[in-house]
>>> print(open('my_file_6.cif').read())   # mmCIF, C-alpha atoms
data_model
#
loop_
_atom_site.label_atom_id
_atom_site.label_comp_id
_atom_site.auth_asym_id
_atom_site.auth_seq_id
_atom_site.Cartn_x
_atom_site.Cartn_y
_atom_site.Cartn_z
CA MET A 1 117.68 -24.81 40.69
CA LEU A 2 120.61 -22.41 40.33
CA ILE A 3 122.89 -21.98 43.34
CA ALA A 4 125.46 -19.18 43.51
CA VAL A 5 128.49 -19.85 45.73
CA VAL A 6 130.44 -16.88 47.09
CA SER A 7 133.42 -16.69 49.42
CA ASP A 8 136.05 -14.35 50.81
CA SER A 9 134.53 -10.92 50.20
CA HIS A 10 136.74 -9.36 52.90
CA SER A 11 134.65 -6.15 52.99
CA ASN A 12 135.72 -5.17 49.47
CA ASP A 13 132.87 -2.80 48.62
CA ARG A 14 133.65 -2.70 44.91
CA ALA A 15 133.59 -6.50 44.70
CA ILE A 16 130.41 -6.68 46.77
CA LYS A 17 128.69 -4.24 44.42
CA GLU A 18 129.86 -6.16 41.36
CA VAL A 19 128.92 -9.65 42.58
CA LYS A 20 125.26 -8.64 42.84
CA ASN A 21 125.07 -8.83 39.03
CA TYR A 22 126.34 -12.41 39.17
CA ILE A 23 123.93 -13.72 41.81
CA LYS A 24 120.69 -12.00 40.80
CA ASN A 25 119.34 -14.96 38.80
CA ALA A 26 120.21 -17.58 41.42
CA ASP A 27 117.60 -19.30 43.55
CA VAL A 28 119.98 -19.77 46.48
CA LEU A 29 123.18 -18.08 47.67
CA LEU A 30 125.76 -20.01 49.70
CA PHE A 31 128.38 -17.85 51.44
CA LEU A 32 131.53 -19.64 52.60
CA GLY A 33 133.00 -17.15 55.07
CA ASP A 34 135.53 -14.35 55.43
CA GLY A 35 133.12 -11.50 55.04
CA GLU A 36 130.11 -12.63 57.02
CA ASN A 37 129.26 -9.00 57.85
CA ASP A 38 129.09 -8.31 54.09
CA ILE A 39 126.13 -10.65 53.56
CA PRO A 40 123.43 -7.95 54.02
CA LYS A 41 125.13 -5.80 51.36
CA ILE A 42 125.70 -8.74 49.00
CA THR A 43 122.09 -9.89 49.28
CA GLU A 44 120.45 -6.47 49.06
CA GLY A 45 117.74 -6.97 46.44
CA PHE A 46 118.35 -10.74 46.29
CA SER A 47 115.12 -12.68 46.80
CA GLY A 48 116.45 -16.24 47.17
CA GLU A 49 117.44 -18.27 50.19
CA VAL A 50 120.81 -17.54 51.83
CA TYR A 51 122.97 -19.92 53.86
CA SER A 52 126.34 -19.02 55.33
CA VAL A 53 129.26 -20.24 57.40
CA SER A 54 131.92 -18.28 59.26
CA GLY A 55 135.53 -18.08 58.14
CA ASN A 56 138.79 -17.59 60.00
CA CYS A 57 138.52 -13.79 59.56
CA ASP A 58 134.92 -13.60 60.80
CA PHE A 59 135.61 -12.64 64.38
CA LEU A 60 132.50 -13.12 66.52
CA GLY A 61 130.75 -14.68 63.53
CA LYS A 62 127.08 -15.53 63.92
CA SER A 63 127.04 -18.34 61.36
CA PRO A 64 128.16 -21.87 62.20
CA ASN A 65 131.65 -22.97 61.19
CA GLU A 66 130.17 -25.85 59.20
CA ARG A 67 126.75 -26.80 57.96
CA ILE A 68 124.98 -29.24 55.70
CA VAL A 69 122.14 -28.04 53.50
CA GLU A 70 119.95 -30.15 51.27
CA LEU A 71 119.04 -28.43 48.02
CA GLY A 72 117.41 -30.02 45.00
CA GLY A 73 117.86 -33.45 46.54
CA LYS A 74 121.64 -33.02 47.01
CA ARG A 75 123.42 -32.88 50.36
CA ILE A 76 125.93 -30.03 50.43
CA PHE A 77 128.63 -29.59 53.07
CA MET A 78 129.68 -25.96 53.58
CA CYS A 79 132.72 -24.74 55.49
CA HIS A 80 135.41 -22.10 55.05
CA GLY A 81 138.16 -24.68 54.70
CA HIS A 82 140.85 -23.36 57.03
CA ALA A 83 140.20 -26.13 59.58
CA TYR A 84 140.99 -28.68 56.85
CA ASN A 85 144.23 -27.06 55.62
CA VAL A 86 142.86 -26.64 52.09
CA LYS A 87 145.82 -24.48 51.11
CA TYR A 88 147.91 -27.66 51.22
CA GLY A 89 145.58 -30.18 49.59
CA TYR A 90 142.05 -31.51 49.57
CA ASP A 91 142.37 -34.92 51.21
CA ASN A 92 141.20 -33.75 54.65
CA ILE A 93 138.13 -31.99 53.35
CA TYR A 94 137.30 -34.82 50.94
CA TYR A 95 137.35 -37.37 53.77
CA ARG A 96 135.19 -35.09 55.92
CA GLY A 97 132.64 -34.96 53.09
CA LEU A 98 132.84 -38.72 52.66
CA SER A 99 132.22 -39.28 56.39
CA LEU A 100 129.18 -36.99 56.23
CA GLY A 101 127.71 -38.74 53.20
CA VAL A 102 127.38 -35.57 51.12
CA ASP A 103 127.27 -35.08 47.37
CA ILE A 104 129.06 -31.72 47.25
CA VAL A 105 131.78 -30.19 49.45
CA LEU A 106 132.13 -26.39 49.32
CA PHE A 107 134.98 -24.41 50.85
CA GLY A 108 136.88 -21.15 50.41
CA HIS A 109 139.95 -19.81 52.24
CA SER A 110 142.65 -20.27 49.58
CA HIS A 111 141.18 -17.74 47.11
CA ILE A 112 141.92 -20.25 44.34
CA PRO A 113 138.92 -21.56 42.37
CA ILE A 114 138.74 -25.31 41.81
CA VAL A 115 136.16 -27.87 40.79
CA GLU A 116 137.15 -31.52 41.15
CA LYS A 117 135.26 -34.76 41.35
CA HIS A 118 136.55 -37.56 43.56
CA ASN A 119 134.50 -40.73 43.27
CA ASP A 120 130.94 -39.51 43.86
CA ILE A 121 131.81 -36.26 45.66
CA CYS A 122 132.21 -32.90 43.91
CA LEU A 123 134.64 -30.49 45.56
CA MET A 124 134.36 -26.78 44.83
CA ASN A 125 136.22 -23.70 45.96
CA PRO A 126 134.57 -20.75 44.20
CA GLY A 127 137.65 -18.59 44.72
CA SER A 128 137.40 -15.10 46.17
CA ILE A 129 135.15 -12.29 45.02
CA SER A 130 137.60 -9.74 46.47
CA HIS A 131 140.99 -10.91 45.19
CA GLY A 132 142.45 -14.11 43.85
CA ALA A 133 145.67 -15.79 44.92
CA CYS A 134 148.50 -17.35 42.90
CA MET A 135 147.50 -15.56 39.68
CA ALA A 136 143.83 -16.55 40.11
CA LYS A 137 141.21 -14.01 39.07
CA ARG A 138 138.32 -12.91 41.26
CA SER A 139 135.55 -15.50 40.93
CA LEU A 140 132.44 -17.18 42.25
CA GLY A 141 130.83 -20.56 41.70
CA TYR A 142 127.59 -21.95 40.37
CA ILE A 143 125.81 -25.25 40.89
CA GLU A 144 122.84 -26.15 38.74
CA ILE A 145 120.66 -29.00 39.94
CA LYS A 146 117.97 -30.43 37.67
CA GLU A 147 115.67 -33.30 38.58
CA GLY A 148 117.85 -34.26 41.54
CA LYS A 149 121.07 -34.41 39.51
CA ILE A 150 124.02 -32.03 39.30
CA ALA A 151 123.64 -30.62 35.79
CA GLN A 152 126.60 -28.23 36.08
CA ILE A 153 129.14 -27.16 38.67
CA TYR A 154 131.66 -24.50 37.70
CA THR A 155 133.47 -21.30 38.64
CA LYS A 156 133.26 -18.01 36.78
CA GLU A 157 135.61 -15.04 36.67
CA ILE A 158 134.13 -11.77 37.91
CA LYS A 159 134.79 -8.96 35.45
CA MET A 160 135.03 -5.45 36.83
CA ILE A 161 132.95 -2.82 35.07
#
>>> encode(input="my_file_6.cif", output="C-alpha coordinates")
Amino acid sequence: MLIAVVSDSHSNDRAIKEVKNYIKNADVLLFLGDGENDIPKITEGFSGEVYSVSGNCDFLGKSPNERIVELGGKRIFMCHGHAYNVKYGYDNIYYRGLSLGVDIVLFGHSHIPIVEKHNDICLMNPGSISHGACMAKRSLGYIEIKEGKIAQIYTKEIKMI
(Lines of atoms letter the chains of each structure in order from A and count residues from 1; the text may use other names and numbers.)
(Lines give C-alpha, C1' and ligand atoms only; values in the text may rest on other atoms or scores of the structure.)
Protein backbone atom coordinates (compact mmCIF):
# COMPACT_ATOMS: atom_id res chain seq x y z
CA MET A 1 0.00 0.00 0.00
CA LEU A 2 1.36 3.41 -1.00
CA ILE A 3 0.15 6.41 0.98
CA ALA A 4 0.80 9.97 -0.19
CA VAL A 5 0.90 12.62 2.54
CA VAL A 6 0.21 16.25 1.59
CA SER A 7 -0.02 19.40 3.68
CA ASP A 8 -0.19 23.17 3.49
CA SER A 9 -1.36 23.78 -0.08
CA HIS A 10 -2.63 27.27 0.84
CA SER A 11 -4.63 27.57 -2.42
CA ASN A 12 -1.46 27.67 -4.53
CA ASP A 13 -2.94 26.60 -7.87
CA ARG A 14 0.42 25.91 -9.49
CA ALA A 15 1.44 23.63 -6.62
CA ILE A 16 -1.95 21.91 -6.63
CA LYS A 17 -1.61 21.18 -10.34
CA GLU A 18 1.93 19.87 -9.90
CA VAL A 19 1.24 17.62 -6.89
CA LYS A 20 -1.25 15.58 -8.91
CA ASN A 21 1.71 13.97 -10.71
CA TYR A 22 3.16 12.92 -7.35
CA ILE A 23 0.01 11.34 -5.90
CA LYS A 24 -1.40 9.55 -8.94
CA ASN A 25 0.12 6.15 -8.09
CA ALA A 26 -0.85 6.24 -4.41
CA ASP A 27 -3.61 4.08 -2.97
CA VAL A 28 -4.49 6.63 -0.28
CA LEU A 29 -4.04 10.39 0.15
CA LEU A 30 -3.75 11.92 3.62
CA PHE A 31 -4.17 15.72 3.74
CA LEU A 32 -2.91 17.46 6.88
CA GLY A 33 -4.62 20.83 6.67
CA ASP A 34 -4.15 24.44 5.57
CA GLY A 35 -5.86 24.13 2.25
CA GLU A 36 -8.86 21.95 3.00
CA ASN A 37 -10.84 23.68 0.24
CA ASP A 38 -8.12 22.61 -2.22
CA ILE A 39 -8.81 18.89 -1.72
CA PRO A 40 -11.32 18.59 -4.62
CA LYS A 41 -8.75 20.12 -7.00
CA ILE A 42 -5.87 18.04 -5.63
CA THR A 43 -7.85 14.80 -5.92
CA GLU A 44 -9.39 15.46 -9.33
CA GLY A 45 -8.72 12.23 -11.22
CA PHE A 46 -7.38 10.48 -8.09
CA SER A 47 -9.13 7.17 -7.50
CA GLY A 48 -7.85 6.26 -4.03
CA GLU A 49 -9.22 6.92 -0.57
CA VAL A 50 -8.80 10.42 0.90
CA TYR A 51 -8.64 11.38 4.58
CA SER A 52 -8.13 14.93 5.83
CA VAL A 53 -7.85 17.13 8.89
CA SER A 54 -8.30 20.88 9.23
CA GLY A 55 -5.43 23.28 9.85
CA ASN A 56 -5.19 26.63 11.58
CA CYS A 57 -5.88 28.44 8.27
CA ASP A 58 -8.93 26.31 7.40
CA PHE A 59 -11.61 28.65 8.67
CA LEU A 60 -14.94 26.83 8.95
CA GLY A 61 -13.19 23.58 8.06
CA LYS A 62 -15.35 20.52 7.58
CA SER A 63 -12.69 17.98 8.51
CA PRO A 64 -11.89 17.10 12.13
CA ASN A 65 -8.88 18.71 13.78
CA GLU A 66 -7.45 15.26 14.53
CA ARG A 67 -8.16 11.75 13.41
CA ILE A 68 -6.79 8.24 13.57
CA VAL A 69 -6.92 6.03 10.50
CA GLU A 70 -5.88 2.41 10.25
CA LEU A 71 -4.21 1.55 6.96
CA GLY A 72 -2.36 -1.63 6.13
CA GLY A 73 -2.52 -2.69 9.76
CA LYS A 74 -0.88 0.52 11.04
CA ARG A 75 -2.57 3.11 13.24
CA ILE A 76 -1.88 6.62 11.95
CA PHE A 77 -2.57 9.82 13.89
CA MET A 78 -3.24 12.84 11.67
CA CYS A 79 -3.33 16.46 12.76
CA HIS A 80 -2.10 19.80 11.45
CA GLY A 81 0.33 20.25 14.33
CA HIS A 82 -0.33 23.83 15.42
CA ALA A 83 -2.06 22.68 18.63
CA TYR A 84 1.15 20.84 19.59
CA ASN A 85 3.55 23.73 18.89
CA VAL A 86 5.49 21.70 16.31
CA LYS A 87 7.43 24.77 15.22
CA TYR A 88 9.26 24.56 18.55
CA GLY A 89 9.83 20.81 18.88
CA TYR A 90 8.18 17.43 18.61
CA ASP A 91 7.86 16.31 22.23
CA ASN A 92 4.20 17.34 22.58
CA ILE A 93 3.09 15.59 19.42
CA TYR A 94 5.21 12.52 20.16
CA TYR A 95 3.59 12.11 23.58
CA ARG A 96 0.14 12.57 22.05
CA GLY A 97 0.92 9.75 19.62
CA LEU A 98 2.26 7.61 22.44
CA SER A 99 -0.92 8.15 24.49
CA LEU A 100 -3.03 7.14 21.49
CA GLY A 101 -1.04 3.98 20.83
CA VAL A 102 -0.33 4.79 17.19
CA ASP A 103 2.48 3.66 14.92
CA ILE A 104 2.79 6.85 12.87
CA VAL A 105 2.21 10.52 13.74
CA LEU A 106 1.62 12.89 10.81
CA PHE A 107 1.54 16.67 11.05
CA GLY A 108 2.19 19.78 8.96
CA HIS A 109 2.14 23.47 9.93
CA SER A 110 5.87 24.26 9.98
CA HIS A 111 6.42 23.73 6.22
CA ILE A 112 9.63 21.87 7.12
CA PRO A 113 9.81 18.20 6.08
CA ILE A 114 11.04 15.73 8.69
CA VAL A 115 11.00 12.00 9.26
CA GLU A 116 12.12 10.80 12.68
CA LYS A 117 11.67 7.62 14.64
CA HIS A 118 11.29 7.77 18.41
CA ASN A 119 11.11 4.35 20.01
CA ASP A 120 8.36 2.62 18.03
CA ILE A 121 6.66 5.74 16.68
CA CYS A 122 7.48 7.33 13.31
CA LEU A 123 6.97 11.09 13.11
CA MET A 124 6.52 12.73 9.72
CA ASN A 125 5.95 16.25 8.54
CA PRO A 126 5.73 16.09 4.74
CA GLY A 127 6.54 19.78 4.42
CA SER A 128 4.43 22.10 2.30
CA ILE A 129 3.42 21.62 -1.32
CA SER A 130 3.04 25.40 -1.72
CA HIS A 131 6.24 26.79 -0.18
CA GLY A 132 8.87 25.58 2.22
CA ALA A 133 10.22 27.39 5.26
CA CYS A 134 13.78 27.89 6.54
CA MET A 135 15.36 27.01 3.17
CA ALA A 136 13.19 23.88 2.82
CA LYS A 137 11.95 23.02 -0.66
CA ARG A 138 8.33 22.27 -1.51
CA SER A 139 7.64 18.64 -0.65
CA LEU A 140 5.25 15.84 0.18
CA GLY A 141 5.58 12.53 1.98
CA TYR A 142 5.14 8.86 1.23
CA ILE A 143 4.50 5.85 3.43
CA GLU A 144 4.75 2.37 1.99
CA ILE A 145 3.24 -0.44 4.03
CA LYS A 146 3.87 -4.06 3.05
CA GLU A 147 2.54 -7.07 4.92
CA GLY A 148 1.63 -4.95 7.94
CA LYS A 149 5.09 -3.36 8.23
CA ILE A 150 6.35 0.10 7.34
CA ALA A 151 8.59 -0.63 4.35
CA GLN A 152 9.47 3.03 3.71
CA ILE A 153 8.58 6.44 5.07
CA TYR A 154 10.14 9.48 3.42
CA THR A 155 9.66 12.97 2.03
CA LYS A 156 10.25 14.03 -1.56
CA GLU A 157 10.95 17.42 -3.09
CA ILE A 158 8.37 18.63 -5.61
CA LYS A 159 10.04 19.83 -8.80
CA MET A 160 8.25 22.49 -10.79
CA ILE A 161 7.87 21.82 -14.50
>>> atom_distance(input="my_file_6.cif", atom1="CA of Val50 (chain A)", atom2="CA of Leu106 (chain A)")
14.6 Å
>>> closest_residue(input="my_file_6.cif", among="A:Lys149, A:His10, A:His111, A:His80", to="Asn56 (chain A)", atoms="all atoms listed in the file")
A:His80
>>> resolve_selection(input="my_file_6.cif", expression="the PyMOL selection byres ((chain A and resi 138) around 7)", output="list in words")
Gly127, Ser128, Ile129, Ser130, His131, Gly132, Ala136, Lys137, Ser139, Glu157 and Ile158 of chain A
>>> resolve_selection(input="my_file_6.cif", expression="the PyMOL selection byres ((chain A and resi 37) around 12)", output="list in words")
Asp8, Ser9, His10, Ser11, Asn12, Asp13, Ile16, Phe31, Gly33, Asp34, Gly35, Glu36, Asp38, Ile39, Pro40, Lys41, Ile42, Thr43, Ser52, Val53, Ser54, Gly55, Cys57, Asp58, Phe59, Leu60, Gly61, Lys62 and Ser63 of chain A
>>> atom_distance(input="my_file_6.cif", atom1="CA of Tyr22 (chain A)", atom2="CA of Glu49 (chain A)")
15.3 Å
>>> closest_residue(input="my_file_6.cif", among="A:Ile23, A:Val86, A:Cys79, A:Arg14", to="Ile143 (chain A)", atoms="only C-alpha atoms")
A:Ile23
>>> closest_residue(input="my_file_6.cif", among="A:Ile104, A:His109, A:Glu66, A:Gly89", to="Glu144 (chain A)", atoms="all atoms listed in the file")
A:Ile104
>>> closest_residue(input="my_file_6.cif", among="A:Thr155, A:Ser110, A:Asn21, A:Asn125", to="Glu44 (chain A)", atoms="all atoms listed in the file")
A:Asn21
>>> resolve_selection(input="my_file_6.cif", expression="the PyMOL selection byres ((chain A and resi 142) around 8)", output="PDB file with C-alpha atoms, in the frame of the given file")
ATOM      1  CA  LEU A   2     120.610 -22.410  40.330  1.00  0.00           C
ATOM      2  CA  ILE A   3     122.890 -21.980  43.340  1.00  0.00           C
ATOM      3  CA  ALA A   4     125.460 -19.180  43.510  1.00  0.00           C
ATOM      4  CA  VAL A   5     128.490 -19.850  45.730  1.00  0.00           C
ATOM      5  CA  LEU A 140     132.440 -17.180  42.250  1.00  0.00           C
ATOM      6  CA  GLY A 141     130.830 -20.560  41.700  1.00  0.00           C
ATOM      7  CA  ILE A 143     125.810 -25.250  40.890  1.00  0.00           C
ATOM      8  CA  GLU A 144     122.840 -26.150  38.740  1.00  0.00           C
ATOM      9  CA  GLN A 152     126.600 -28.230  36.080  1.00  0.00           C
ATOM     10  CA  ILE A 153     129.140 -27.160  38.670  1.00  0.00           C
ATOM     11  CA  TYR A 154     131.660 -24.500  37.700  1.00  0.00           C
ATOM     12  CA  THR A 155     133.470 -21.300  38.640  1.00  0.00           C
ATOM     13  CA  LYS A 156     133.260 -18.010  36.780  1.00  0.00           C
TER      14      LYS A 156
END
>>> atom_distance(input="my_file_6.cif", atom1="CA of Tyr84 (chain A)", atom2="CA of Arg67 (chain A)")
14.4 Å
